[in-house]
Every structure is written in C-alpha cells, then in structure tokens.
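Structure first, commentary second.
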Amino acid sequence: MTMEMPVTQPMVRFAGVTKRYGALTVLDNLDLEVAPGEMVSIIGPSGSGKTTVLRVLMTLEGIDGGVIHVDGAPLTHMERNGALVPAGKAHLRRMSRNIGMCFQHFNLFPHMTALQNCMEGPVRALGLKKAEARERAAELLELVGLADKLGHYPAQLSGGQQQRVAIARALAMRPKVMLFDEVTSALDPEVIGEVTNVIRKLVAEYSLTMLMVTHQMGFARDISDRVCFFYGGRIEEQGPPAELFSNPRKERTQQFLSAVREAI
C-alpha cells in the first residue's frame with residue numbers, strides 16, 4: 001500500500017493578482033505561493049511591484065483582479081451565497097490581524113515608550129488585558145535585545161533600536177505572516193547589523209512565514225529559503241538563493257545582479 005504524503009497548504013497565495021494605478025499595471029496577473037515557515041525575499045528594480053506585494057497583503061491597497069489567500073482563507077474576498085465577492089471592511093480588519101509589517105520608517109508612536117508601543121495593538125485590537133500585554137511586550141523587547149529600553153521614548157533611541165522596537169511591536173500581534181519592507185534602508189551602515197541579526201534570530205527561532213523586500217543582496221542570500229526576482233509586476237525568476245545568485249538563467253536577472261554585484 002502506498003502512503004500519500006499530506007499536501008501542505010500555502011500560508012500565502014496570490015492567484016492571478018492584478019493591481020493598477022490608472023493606466024500603470026504594477027502587478028500583472030501575479031501567481032505566488034509561500035509555504036508555512038518559509039522565508040522569501042523579493043528583489044528587483046524600482047517599479048517592479050515589490051513593495052506593492054506587501055501593501056496589498058497588508059490591505060493598505062485594494063487589488064483589481066485575482067484573489068489573495070492567507071492560511072487557506074480569502075483575504076481580499078469573502079464568501080457570500082457560495083460565491084466570492086470583494087471583502088468588506090470588517091472582513092479585511094479581521095483577516096489583516098494575521099499579518100504583521102515592518103516599514104522602513106519605523107512608524108512608532110512618538111508619545112509612547114517602547115513598552116507602550118508594543119502593548120497598544122494587543123490591548124486595542126486583540127482585547128488583551130494590560131498585564132498580559134505588558135508581559136508579552138517585555139518578552140519581545142528582550143528578544144530583540146532591548147530589555148533595558150522599555151521606558152525609553154522613540155526620540156531617545158537610535159535608528160536601529162527604533163526598528164527593533166517596530167519588529168517587536170509587529171510580533172506582539174502574534175501574526176502568522178511577517179512582512180519586511182526595506183527595513184534597513186533608512187539606517188546608518190553601522191547599525192544595519194543590529195536589525196539583520198534580529199531577523200536572523202526570528203528565522204531561526206520562530207516558524208513564522210516571512211516576506212522581505214530588500215536591496216541588500218548579501219542579506220537576502222544568507223537568510224532566505226527562496227528569492228523571487230520581480231520585473232514588470234511578475235516573477236521573472238525564482239529559486240534557492242545560492243542558485244539564483246550564482247547561476248541566474250534569465251537575461252533580466254543577470255543584468256540586475258550585474259548592476260548590484262558589488263553588494264553581494
């Protein structure tokens with residue numbers, strides 16, 4: 001008797017997703033699947049649709065075609081009378097709690113301490129009691145190396161420390177998927193290592209599904225399970241980082257990597 005292997009459902013699935021801004025198509029019938037616990041880096045030239053992938057996943061932007069699923073459930077749509085219809089605000093709000101995002105410009109609340117920044121979402125959106133939210137926030141700030149900065153305000157923290165607070169704040173919501181949008185590009189070179197080490201730690205210790213847009217090719221190569229090269233709103237080429245960076249097959253991938261070779 002032959003044993004059938006269980007089929008793992010993607011944690012994130014883009015099925016024929018199109019996104020337009022007027023006459024400009026930024027995602028062109030995109031198909032993309034990300035497995036549970038997989039770390040995928042998205043690279044490519046400016047305007048290739050990289051950040052738009054994250055923005056539509058965060059429901060910061062709507063889509064013009066296709067469907068996005070998260071953990072087997074439609075994100076951009078909802079079922080009504082056996083058919084999929086565009087999602088309403090309540091559905092989007094509920095589904096987006098599964099997704100955490102770190103932006104390149106931190107977006108911390110300046111009037112709140114590091115601890116308060118990490119408590120705010122769980123208390124307001126998840127209904128956690130303050131004591132539980134405080135304990136969760138303190139644990140996460142310790143995880144990112146900021147156990148001694150709980151009472152500090154953003155203005156009292158370096159850029160690298162602020163970005164680490166932003167990561168802890170996103171994790172406090174217990175997301176199933178974490179998104180990173182150029183999280184090191186606004187940082188001074190000497191503190192980039194602080195943030196990349198935290199992300200490495202998350203990859204090693206958590207079974208989070210992660211999508212990262214980055215211009216840091218070396219970091220993408222070191223940390224990713226798979227790298228997707230975007231061009232013209234589609235995946236031009238994808239594969240394990242060692243394979244894609246060492247032996248790209250497509251001409252556009254080769255041209256892009258040649259232009260950034262000094263960063264690898």
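Residue numbering restarts at 1 in every chain; chains get A, B, ... in the order shown in the structure tokens, and ligands count up from 1 in that same order.
Excluding A:His215 itself and same-chain residues fewer than 5 positions from it, the residues having an atom within 12 Å of it are Ser41, Ile42, Ile43, Gly44, Pro45, Ser46, Lys50, Thr51, Gln104, Phe180, Asp181, Glu182, Val183, Thr184, Ser185, Ala186, Ala220, Arg221, Val227, Phe229, Phe256, Leu257, Ala259, Val260, Arg261, Glu262, Ala263 and Ile264 of chain A, counting only C-alpha atoms.
Near A:Ala133, within 7 Å and counting only C-alpha atoms, sit Met119, Pro122 and Val123 of chain A; same-chain residues fewer than 6 positions away were not included.
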Please dump the current selection as a CSV table (one decimal), in the first residue's frame; keep C-alpha atoms.
chain,number,residue,atom,x,y,z
A,119,MET,CA,1.3,47.0,24.2
A,122,PRO,CA,-2.7,43.8,21.6
A,123,VAL,CA,-4.8,45.8,24.0
Item to check | d(atom CA of A:Leu208, atom CA of A:Val177) in Å | outcome: 6.0 Å
Next on the checklist: Which residues are near stretch 59-71 of chain A? Cut-off 7 Å, only C-alpha atoms, ignore same chain within fewer than 6 positions. Put them as JSON, numbers by chain.
Outcome noted: {"A": [10, 11, 12, 13, 14, 15, 16, 17, 18, 19, 20, 77, 92, 96]}
Next on the checklist: With DSSP run on the backbone, what are the strand (DSSP E) residues within stretch 53-252 of chain A? I'd like them as number ranges by chain.
Outcome noted: A: 65-70, 73-74, 77-80, 83-86, 99-102, 177-181, 209-213, 226-231, 234-239
In stretch 8-175 of chain A, DSSP helix (DSSP H, G or I) residues written as a compact mmCIF listing (two decimals) with all heavy atoms, in the first residue's frame:
# COMPACT_ATOMS: atom_id res chain seq x y z
N LYS A 50 7.53 45.20 -6.19
CA LYS A 50 7.95 44.53 -4.96
C LYS A 50 7.15 44.99 -3.74
O LYS A 50 6.53 44.18 -3.05
CB LYS A 50 9.44 44.77 -4.69
CG LYS A 50 10.38 44.41 -5.81
CD LYS A 50 11.82 44.59 -5.42
CE LYS A 50 12.20 45.99 -4.97
NZ LYS A 50 12.11 46.99 -6.04
N THR A 51 7.17 46.29 -3.47
CA THR A 51 6.51 46.80 -2.27
C THR A 51 4.99 46.69 -2.39
O THR A 51 4.29 46.52 -1.39
CB THR A 51 6.93 48.26 -2.02
OG1 THR A 51 8.33 48.27 -1.67
CG2 THR A 51 6.15 48.89 -0.87
N THR A 52 4.47 46.75 -3.62
CA THR A 52 3.02 46.61 -3.81
C THR A 52 2.54 45.24 -3.34
O THR A 52 1.44 45.11 -2.80
CB THR A 52 2.65 46.84 -5.29
OG1 THR A 52 3.13 48.13 -5.68
CG2 THR A 52 1.14 46.79 -5.48
N VAL A 53 3.37 44.20 -3.49
CA VAL A 53 3.02 42.88 -2.98
C VAL A 53 2.74 42.95 -1.48
O VAL A 53 1.75 42.40 -0.98
CB VAL A 53 4.17 41.87 -3.25
CG1 VAL A 53 3.95 40.57 -2.48
CG2 VAL A 53 4.26 41.57 -4.74
N LEU A 54 3.61 43.66 -0.75
CA LEU A 54 3.42 43.78 0.70
C LEU A 54 2.22 44.66 1.03
O LEU A 54 1.46 44.36 1.96
CB LEU A 54 4.68 44.36 1.34
CG LEU A 54 6.01 43.63 1.08
CD1 LEU A 54 7.11 44.21 1.96
CD2 LEU A 54 5.89 42.13 1.30
N ARG A 55 2.03 45.72 0.29
CA ARG A 55 0.95 46.65 0.60
C ARG A 55 -0.44 46.02 0.38
O ARG A 55 -1.36 46.26 1.16
CB ARG A 55 1.08 47.94 -0.23
CG ARG A 55 2.28 48.79 0.20
CD ARG A 55 2.34 50.11 -0.53
NE ARG A 55 1.20 50.96 -0.25
CZ ARG A 55 1.07 51.73 0.84
NH1 ARG A 55 2.02 51.74 1.76
NH2 ARG A 55 0.01 52.49 1.00
N VAL A 56 -0.57 45.20 -0.66
CA VAL A 56 -1.88 44.56 -0.86
C VAL A 56 -2.09 43.44 0.16
O VAL A 56 -3.22 43.17 0.59
CB VAL A 56 -2.06 44.04 -2.31
CG1 VAL A 56 -2.06 45.20 -3.30
CG2 VAL A 56 -1.04 42.99 -2.70
N LEU A 57 -1.00 42.80 0.60
CA LEU A 57 -1.11 41.79 1.66
C LEU A 57 -1.54 42.43 2.98
O LEU A 57 -2.27 41.83 3.77
CB LEU A 57 0.22 41.08 1.85
CG LEU A 57 0.36 39.67 1.29
CD1 LEU A 57 1.76 39.14 1.50
CD2 LEU A 57 -0.67 38.72 1.89
N LYS A 89 -15.05 45.87 5.00
CA LYS A 89 -14.05 46.38 5.95
C LYS A 89 -13.87 45.47 7.15
O LYS A 89 -12.75 45.25 7.62
CB LYS A 89 -14.45 47.79 6.41
CG LYS A 89 -14.28 48.85 5.33
CD LYS A 89 -14.62 50.23 5.86
CE LYS A 89 -14.43 51.30 4.79
NZ LYS A 89 -14.80 52.65 5.28
N ALA A 90 -14.95 44.90 7.67
CA ALA A 90 -14.85 44.04 8.86
C ALA A 90 -14.03 42.79 8.54
O ALA A 90 -13.19 42.36 9.34
CB ALA A 90 -16.23 43.67 9.37
N HIS A 91 -14.26 42.20 7.37
CA HIS A 91 -13.51 41.01 6.96
C HIS A 91 -12.03 41.35 6.79
O HIS A 91 -11.15 40.60 7.26
CB HIS A 91 -14.08 40.47 5.64
CG HIS A 91 -13.32 39.30 5.10
ND1 HIS A 91 -13.60 37.99 5.46
CD2 HIS A 91 -12.28 39.24 4.22
CE1 HIS A 91 -12.76 37.19 4.83
NE2 HIS A 91 -11.97 37.91 4.06
N LEU A 92 -11.74 42.47 6.13
CA LEU A 92 -10.35 42.88 5.93
C LEU A 92 -9.65 43.12 7.27
O LEU A 92 -8.51 42.71 7.47
CB LEU A 92 -10.30 44.15 5.08
CG LEU A 92 -10.65 44.01 3.60
CD1 LEU A 92 -10.74 45.38 2.95
CD2 LEU A 92 -9.64 43.13 2.87
N ARG A 93 -10.37 43.77 8.19
CA ARG A 93 -9.79 44.07 9.50
C ARG A 93 -9.48 42.78 10.25
O ARG A 93 -8.42 42.62 10.85
CB ARG A 93 -10.76 44.95 10.30
CG ARG A 93 -10.16 45.59 11.53
CD ARG A 93 -10.99 46.77 12.00
NE ARG A 93 -12.39 46.46 12.14
CZ ARG A 93 -13.37 47.01 11.42
NH1 ARG A 93 -13.07 47.90 10.49
NH2 ARG A 93 -14.62 46.67 11.62
N ARG A 94 -10.41 41.83 10.21
CA ARG A 94 -10.23 40.55 10.91
C ARG A 94 -9.08 39.76 10.30
O ARG A 94 -8.21 39.23 11.01
CB ARG A 94 -11.52 39.75 10.85
CG ARG A 94 -11.47 38.45 11.66
CD ARG A 94 -12.83 37.77 11.70
NE ARG A 94 -13.27 37.30 10.39
CZ ARG A 94 -14.22 37.87 9.65
NH1 ARG A 94 -14.85 38.96 10.10
NH2 ARG A 94 -14.56 37.38 8.48
N MET A 95 -9.03 39.67 8.98
CA MET A 95 -8.00 38.88 8.31
C MET A 95 -6.61 39.51 8.43
O MET A 95 -5.61 38.80 8.54
CB MET A 95 -8.36 38.69 6.83
CG MET A 95 -9.50 37.73 6.58
SD MET A 95 -9.08 36.03 7.03
CE MET A 95 -7.77 35.66 5.83
N SER A 96 -6.56 40.84 8.42
CA SER A 96 -5.25 41.50 8.45
C SER A 96 -4.54 41.35 9.79
O SER A 96 -3.35 41.61 9.90
CB SER A 96 -5.40 42.99 8.10
OG SER A 96 -6.15 43.67 9.07
N ALA A 114 8.84 52.49 24.46
CA ALA A 114 8.99 51.24 23.69
C ALA A 114 7.99 50.20 24.17
O ALA A 114 7.33 49.52 23.35
CB ALA A 114 10.42 50.72 23.83
N LEU A 115 7.83 50.07 25.48
CA LEU A 115 6.89 49.10 26.04
C LEU A 115 5.45 49.43 25.64
O LEU A 115 4.70 48.55 25.21
CB LEU A 115 7.01 49.08 27.57
CG LEU A 115 6.22 47.97 28.29
CD1 LEU A 115 6.86 46.62 28.03
CD2 LEU A 115 6.16 48.25 29.79
N GLN A 116 5.07 50.70 25.75
CA GLN A 116 3.71 51.12 25.41
C GLN A 116 3.42 50.92 23.92
O GLN A 116 2.32 50.53 23.53
CB GLN A 116 3.49 52.58 25.80
CG GLN A 116 3.45 52.80 27.31
CD GLN A 116 3.54 54.28 27.67
OE1 GLN A 116 4.04 55.10 26.90
NE2 GLN A 116 3.06 54.61 28.87
N ASN A 117 4.43 51.18 23.06
CA ASN A 117 4.26 50.96 21.62
C ASN A 117 3.91 49.51 21.33
O ASN A 117 3.08 49.22 20.46
CB ASN A 117 5.55 51.34 20.87
CG ASN A 117 5.49 52.73 20.27
OD1 ASN A 117 4.86 52.96 19.23
ND2 ASN A 117 6.14 53.68 20.93
N CYS A 118 4.54 48.59 22.07
CA CYS A 118 4.31 47.16 21.83
C CYS A 118 3.04 46.65 22.50
O CYS A 118 2.52 45.59 22.12
CB CYS A 118 5.51 46.36 22.33
SG CYS A 118 7.03 46.68 21.42
N MET A 119 2.51 47.39 23.47
CA MET A 119 1.29 46.98 24.16
C MET A 119 0.03 47.47 23.44
O MET A 119 -1.03 46.85 23.55
CB MET A 119 1.27 47.55 25.59
CG MET A 119 2.25 46.91 26.54
SD MET A 119 2.27 47.79 28.13
CE MET A 119 0.54 47.66 28.65
N GLU A 120 0.13 48.56 22.72
CA GLU A 120 -1.04 49.26 22.19
C GLU A 120 -1.92 48.37 21.31
O GLU A 120 -3.13 48.27 21.50
CB GLU A 120 -0.59 50.50 21.41
CG GLU A 120 -1.72 51.33 20.85
CD GLU A 120 -2.46 52.16 21.89
OE1 GLU A 120 -2.10 52.10 23.08
OE2 GLU A 120 -3.41 52.88 21.51
N GLY A 121 -1.31 47.70 20.33
CA GLY A 121 -2.08 46.87 19.41
C GLY A 121 -2.78 45.70 20.10
O GLY A 121 -4.00 45.51 19.91
N PRO A 122 -2.06 44.90 20.89
CA PRO A 122 -2.72 43.78 21.57
C PRO A 122 -3.87 44.19 22.48
O PRO A 122 -4.88 43.50 22.58
CB PRO A 122 -1.57 43.15 22.38
CG PRO A 122 -0.35 43.46 21.57
CD PRO A 122 -0.59 44.84 21.02
N VAL A 123 -3.74 45.35 23.15
CA VAL A 123 -4.82 45.81 24.04
C VAL A 123 -6.02 46.29 23.23
O VAL A 123 -7.16 45.88 23.46
CB VAL A 123 -4.31 46.92 24.98
CG1 VAL A 123 -5.48 47.57 25.73
CG2 VAL A 123 -3.31 46.35 25.99
N ARG A 124 -5.76 47.13 22.23
CA ARG A 124 -6.86 47.76 21.49
C ARG A 124 -7.49 46.82 20.46
O ARG A 124 -8.70 46.74 20.33
CB ARG A 124 -6.38 49.05 20.79
CG ARG A 124 -6.16 50.20 21.75
CD ARG A 124 -5.88 51.49 20.99
NE ARG A 124 -5.75 52.61 21.89
CZ ARG A 124 -6.76 53.37 22.30
NH1 ARG A 124 -7.98 53.10 21.88
NH2 ARG A 124 -6.56 54.39 23.11
N LYS A 130 -4.16 44.50 30.14
CA LYS A 130 -2.91 45.25 30.11
C LYS A 130 -1.75 44.47 30.71
O LYS A 130 -0.62 44.54 30.22
CB LYS A 130 -3.09 46.59 30.85
CG LYS A 130 -3.84 47.62 30.03
CD LYS A 130 -3.70 49.01 30.61
CE LYS A 130 -4.34 50.04 29.68
NZ LYS A 130 -4.22 51.42 30.20
N ALA A 131 -2.02 43.71 31.77
CA ALA A 131 -0.93 42.95 32.41
C ALA A 131 -0.36 41.91 31.44
O ALA A 131 0.86 41.73 31.35
CB ALA A 131 -1.45 42.28 33.68
N GLU A 132 -1.25 41.24 30.71
CA GLU A 132 -0.79 40.23 29.75
C GLU A 132 -0.05 40.88 28.59
O GLU A 132 0.97 40.37 28.13
CB GLU A 132 -1.99 39.44 29.24
CG GLU A 132 -1.60 38.24 28.39
CD GLU A 132 -2.79 37.44 27.89
OE1 GLU A 132 -3.93 37.70 28.36
OE2 GLU A 132 -2.60 36.56 27.02
N ALA A 133 -0.58 42.02 28.12
CA ALA A 133 0.08 42.73 27.02
C ALA A 133 1.44 43.25 27.45
O ALA A 133 2.41 43.21 26.67
CB ALA A 133 -0.81 43.89 26.55
N ARG A 134 1.55 43.71 28.69
CA ARG A 134 2.84 44.20 29.21
C ARG A 134 3.86 43.07 29.27
O ARG A 134 5.02 43.24 28.87
CB ARG A 134 2.64 44.82 30.60
CG ARG A 134 3.92 45.46 31.17
CD ARG A 134 3.67 46.10 32.52
NE ARG A 134 2.83 47.30 32.37
CZ ARG A 134 1.57 47.39 32.77
NH1 ARG A 134 0.98 46.36 33.35
NH2 ARG A 134 0.89 48.51 32.60
N GLU A 135 3.43 41.91 29.72
CA GLU A 135 4.34 40.76 29.81
C GLU A 135 4.80 40.33 28.42
O GLU A 135 5.99 40.06 28.21
CB GLU A 135 3.61 39.60 30.52
CG GLU A 135 4.49 38.38 30.74
CD GLU A 135 3.75 37.26 31.46
OE1 GLU A 135 2.62 37.50 31.96
OE2 GLU A 135 4.28 36.14 31.48
N ARG A 136 3.86 40.28 27.48
CA ARG A 136 4.21 39.90 26.10
C ARG A 136 5.17 40.91 25.50
O ARG A 136 6.17 40.52 24.87
CB ARG A 136 2.94 39.81 25.26
CG ARG A 136 3.19 39.41 23.81
CD ARG A 136 1.92 39.43 22.96
NE ARG A 136 0.97 38.41 23.35
CZ ARG A 136 -0.15 38.14 22.67
NH1 ARG A 136 -0.44 38.84 21.58
NH2 ARG A 136 -0.98 37.20 23.09
N ALA A 137 4.90 42.20 25.69
CA ALA A 137 5.75 43.25 25.13
C ALA A 137 7.16 43.19 25.71
O ALA A 137 8.15 43.33 24.97
CB ALA A 137 5.12 44.62 25.39
N ALA A 138 7.26 42.98 27.02
CA ALA A 138 8.57 42.92 27.66
C ALA A 138 9.38 41.73 27.15
O ALA A 138 10.59 41.84 26.90
CB ALA A 138 8.40 42.84 29.18
N GLU A 139 8.72 40.59 26.95
CA GLU A 139 9.40 39.39 26.43
C GLU A 139 9.94 39.64 25.03
O GLU A 139 11.07 39.24 24.70
CB GLU A 139 8.44 38.20 26.40
CG GLU A 139 8.15 37.58 27.75
CD GLU A 139 7.12 36.46 27.65
OE1 GLU A 139 6.69 36.14 26.52
OE2 GLU A 139 6.76 35.91 28.71
N LEU A 140 9.14 40.29 24.20
CA LEU A 140 9.55 40.54 22.82
C LEU A 140 10.66 41.59 22.74
O LEU A 140 11.58 41.46 21.93
CB LEU A 140 8.35 40.97 21.98
CG LEU A 140 7.36 39.83 21.69
CD1 LEU A 140 6.05 40.36 21.15
CD2 LEU A 140 7.97 38.81 20.72
N LEU A 141 10.59 42.60 23.59
CA LEU A 141 11.66 43.60 23.60
C LEU A 141 12.97 42.98 24.09
O LEU A 141 14.05 43.35 23.63
CB LEU A 141 11.26 44.80 24.45
CG LEU A 141 10.20 45.70 23.79
CD1 LEU A 141 9.60 46.67 24.80
CD2 LEU A 141 10.81 46.47 22.61
N GLU A 142 12.87 42.02 25.00
CA GLU A 142 14.07 41.28 25.41
C GLU A 142 14.60 40.45 24.24
O GLU A 142 15.81 40.39 24.00
CB GLU A 142 13.74 40.38 26.60
CG GLU A 142 14.96 39.62 27.11
CD GLU A 142 14.67 38.78 28.34
OE1 GLU A 142 13.51 38.77 28.80
OE2 GLU A 142 15.61 38.14 28.84
N LEU A 143 13.69 39.82 23.49
CA LEU A 143 14.08 39.02 22.34
C LEU A 143 14.89 39.83 21.33
O LEU A 143 15.86 39.34 20.75
CB LEU A 143 12.83 38.44 21.65
CG LEU A 143 13.06 37.70 20.33
CD1 LEU A 143 13.65 36.32 20.57
CD2 LEU A 143 11.77 37.58 19.53
N ALA A 147 15.85 44.88 26.40
CA ALA A 147 15.27 44.72 27.74
C ALA A 147 15.54 45.92 28.63
O ALA A 147 14.77 46.21 29.57
CB ALA A 147 15.81 43.45 28.39
N ASP A 148 16.61 46.66 28.33
CA ASP A 148 16.97 47.82 29.16
C ASP A 148 16.39 49.13 28.62
O ASP A 148 16.71 50.21 29.13
CB ASP A 148 18.49 47.94 29.26
CG ASP A 148 19.16 48.09 27.90
OD1 ASP A 148 18.54 47.71 26.88
OD2 ASP A 148 20.30 48.60 27.84
N LYS A 149 15.53 49.05 27.58
CA LYS A 149 14.99 50.27 26.96
C LYS A 149 13.47 50.36 27.05
O LYS A 149 12.85 51.13 26.32
CB LYS A 149 15.40 50.33 25.48
CG LYS A 149 16.89 50.22 25.22
CD LYS A 149 17.66 51.43 25.70
CE LYS A 149 19.13 51.33 25.33
NZ LYS A 149 19.91 52.45 25.88
N PRO A 154 10.77 56.86 21.56
CA PRO A 154 11.49 56.73 20.29
C PRO A 154 12.61 57.75 20.10
O PRO A 154 13.67 57.39 19.57
CB PRO A 154 10.36 56.91 19.26
CG PRO A 154 9.16 56.33 19.95
CD PRO A 154 9.31 56.74 21.39
N ALA A 155 12.38 58.99 20.52
CA ALA A 155 13.40 60.03 20.33
C ALA A 155 14.67 59.75 21.13
O ALA A 155 15.73 60.32 20.84
CB ALA A 155 12.83 61.40 20.73
N GLN A 156 14.57 58.88 22.14
CA GLN A 156 15.73 58.53 22.96
C GLN A 156 16.46 57.30 22.44
O GLN A 156 17.44 56.86 23.03
CB GLN A 156 15.28 58.27 24.41
CG GLN A 156 14.64 59.49 25.08
CD GLN A 156 14.02 59.13 26.42
OE1 GLN A 156 13.17 58.24 26.51
NE2 GLN A 156 14.46 59.81 27.46
N GLY A 159 18.32 54.75 15.48
CA GLY A 159 17.51 54.22 14.38
C GLY A 159 17.39 52.71 14.43
O GLY A 159 16.31 52.15 14.23
N GLY A 160 18.51 52.04 14.71
CA GLY A 160 18.48 50.58 14.79
C GLY A 160 17.61 50.09 15.94
O GLY A 160 16.89 49.09 15.81
N GLN A 161 17.67 50.81 17.06
CA GLN A 161 16.82 50.44 18.21
C GLN A 161 15.35 50.67 17.90
O GLN A 161 14.49 49.86 18.25
CB GLN A 161 17.25 51.24 19.44
CG GLN A 161 18.60 50.82 19.99
CD GLN A 161 19.14 51.77 21.04
OE1 GLN A 161 18.76 52.95 21.11
NE2 GLN A 161 20.06 51.29 21.85
N GLN A 162 15.04 51.78 17.22
CA GLN A 162 13.65 52.05 16.85
C GLN A 162 13.11 50.96 15.92
O GLN A 162 11.97 50.51 16.06
CB GLN A 162 13.53 53.42 16.17
CG GLN A 162 13.72 54.59 17.11
CD GLN A 162 13.52 55.92 16.40
OE1 GLN A 162 12.50 56.15 15.78
NE2 GLN A 162 14.52 56.78 16.46
N GLN A 163 13.94 50.51 14.97
CA GLN A 163 13.48 49.47 14.05
C GLN A 163 13.26 48.16 14.80
O GLN A 163 12.32 47.41 14.49
CB GLN A 163 14.50 49.29 12.92
CG GLN A 163 14.04 48.38 11.80
CD GLN A 163 12.77 48.86 11.11
OE1 GLN A 163 11.67 48.67 11.62
NE2 GLN A 163 12.92 49.49 9.96
N ARG A 164 14.08 47.88 15.80
CA ARG A 164 13.89 46.67 16.59
C ARG A 164 12.62 46.74 17.43
O ARG A 164 11.93 45.74 17.62
CB ARG A 164 15.12 46.39 17.46
CG ARG A 164 16.29 45.86 16.65
CD ARG A 164 17.43 45.45 17.53
NE ARG A 164 18.26 46.56 17.93
CZ ARG A 164 19.02 46.59 19.03
NH1 ARG A 164 19.03 45.55 19.86
NH2 ARG A 164 19.75 47.63 19.32
N VAL A 165 12.29 47.95 17.94
CA VAL A 165 11.01 48.12 18.63
C VAL A 165 9.86 47.86 17.66
O VAL A 165 8.86 47.21 18.01
CB VAL A 165 10.88 49.54 19.24
CG1 VAL A 165 9.46 49.77 19.80
CG2 VAL A 165 11.90 49.76 20.35
N ALA A 166 10.00 48.35 16.43
CA ALA A 166 8.94 48.15 15.42
C ALA A 166 8.74 46.66 15.13
O ALA A 166 7.61 46.21 14.94
CB ALA A 166 9.29 48.91 14.14
N ILE A 167 9.82 45.91 15.10
CA ILE A 167 9.71 44.46 14.88
C ILE A 167 9.00 43.81 16.06
O ILE A 167 8.09 42.98 15.89
CB ILE A 167 11.11 43.83 14.66
CG1 ILE A 167 11.68 44.31 13.32
CG2 ILE A 167 11.03 42.31 14.70
CD1 ILE A 167 13.14 43.93 13.09
N ALA A 168 9.39 44.18 17.29
CA ALA A 168 8.74 43.63 18.49
C ALA A 168 7.26 43.99 18.51
O ALA A 168 6.41 43.16 18.87
CB ALA A 168 9.44 44.15 19.75
N ARG A 169 6.93 45.22 18.10
CA ARG A 169 5.53 45.66 18.09
C ARG A 169 4.71 44.81 17.11
O ARG A 169 3.58 44.41 17.42
CB ARG A 169 5.44 47.14 17.70
CG ARG A 169 4.02 47.67 17.67
CD ARG A 169 3.96 49.14 17.34
NE ARG A 169 4.42 49.43 15.99
CZ ARG A 169 4.36 50.63 15.43
NH1 ARG A 169 3.87 51.66 16.11
NH2 ARG A 169 4.80 50.81 14.21
N ALA A 170 5.28 44.54 15.95
CA ALA A 170 4.55 43.71 14.97
C ALA A 170 4.38 42.29 15.50
O ALA A 170 3.31 41.69 15.36
CB ALA A 170 5.30 43.70 13.64
N LEU A 171 5.40 41.75 16.14
CA LEU A 171 5.32 40.39 16.69
C LEU A 171 4.33 40.28 17.84
O LEU A 171 3.78 39.21 18.09
CB LEU A 171 6.70 39.93 17.16
CG LEU A 171 7.74 39.60 16.09
CD1 LEU A 171 9.10 39.38 16.72
CD2 LEU A 171 7.32 38.38 15.29
Next on the checklist: With distances taken over only C-alpha atoms, which residue among A:Gly49, A:Pro241, A:Gly82, A:Pro175 lies nearest A:Met101?
Outcome noted: A:Pro175
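For the residues A:Ser207, A:Gln238, A:Asn107, A:Thr253, ranking by smallest atom-to-atom distance to A:Arg226 using only C-alpha atoms places A:Gln238 first.
Minimum distance to A:Arg97 across A:Met178, A:Leu32, A:Ile223, A:Met210 (counting only C-alpha atoms) occurs at A:Met178.
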Next on the checklist: Taking 3 positions as the minimum chain separation for residues in the same chain, which residues sit within 7 Å of A:Asp225 when counting only C-alpha atoms? Answer as a PyMOL selection string.
Outcome noted: chain A and resi 38-40+240-241
Let me see the file: selected residues, N, CA and C atoms, as an mmCIF file, in the first residue's frame.
data_model
loop_
_atom_site.group_PDB
_atom_site.id
_atom_site.type_symbol
_atom_site.label_atom_id
_atom_site.label_comp_id
_atom_site.auth_asym_id
_atom_site.auth_seq_id
_atom_site.Cartn_x
_atom_site.Cartn_y
_atom_site.Cartn_z
ATOM 1 N N GLU A 38 8.184 29.524 5.561
ATOM 2 C CA GLU A 38 9.166 29.850 4.521
ATOM 3 C C GLU A 38 9.560 31.318 4.597
ATOM 4 N N MET A 39 10.837 31.594 4.341
ATOM 5 C CA MET A 39 11.354 32.963 4.275
ATOM 6 C C MET A 39 11.657 33.280 2.815
ATOM 7 N N VAL A 40 10.897 34.197 2.241
ATOM 8 C CA VAL A 40 11.038 34.556 0.828
ATOM 9 C C VAL A 40 11.476 36.019 0.719
ATOM 10 N N PRO A 240 16.260 28.883 -5.012
ATOM 11 C CA PRO A 240 17.086 28.980 -3.809
ATOM 12 C C PRO A 240 18.149 30.059 -4.015
ATOM 13 N N PRO A 241 18.513 30.802 -2.967
ATOM 14 C CA PRO A 241 19.433 31.924 -3.150
ATOM 15 C C PRO A 241 20.776 31.535 -3.776
#
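With only C-alpha atoms as the basis for measurement, A:Gly47 is the residue among A:Gly47, A:Gly88, A:Gly151, A:Pro189 that approaches A:Val26 most closely.
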Item to check | Given only C-alpha atoms as the counted atoms, nearest of A:Pro36, A:Pro248, A:Gly22, A:Gly193 to A:Lys176 | outcome: A:Pro36
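The shortest atom-to-atom distance to A:Gly145, with only C-alpha atoms taken into account, belongs to A:Val195 out of A:Val195, A:Met112, A:Ala83, A:Ile99.
Note that atom CA of A:Val203 and atom CA of A:Leu150 are 23.7 Å apart.
The two atoms in question, atom CA of A:Glu243 and atom CA of A:Gln216, are spaced 16.8 Å apart.
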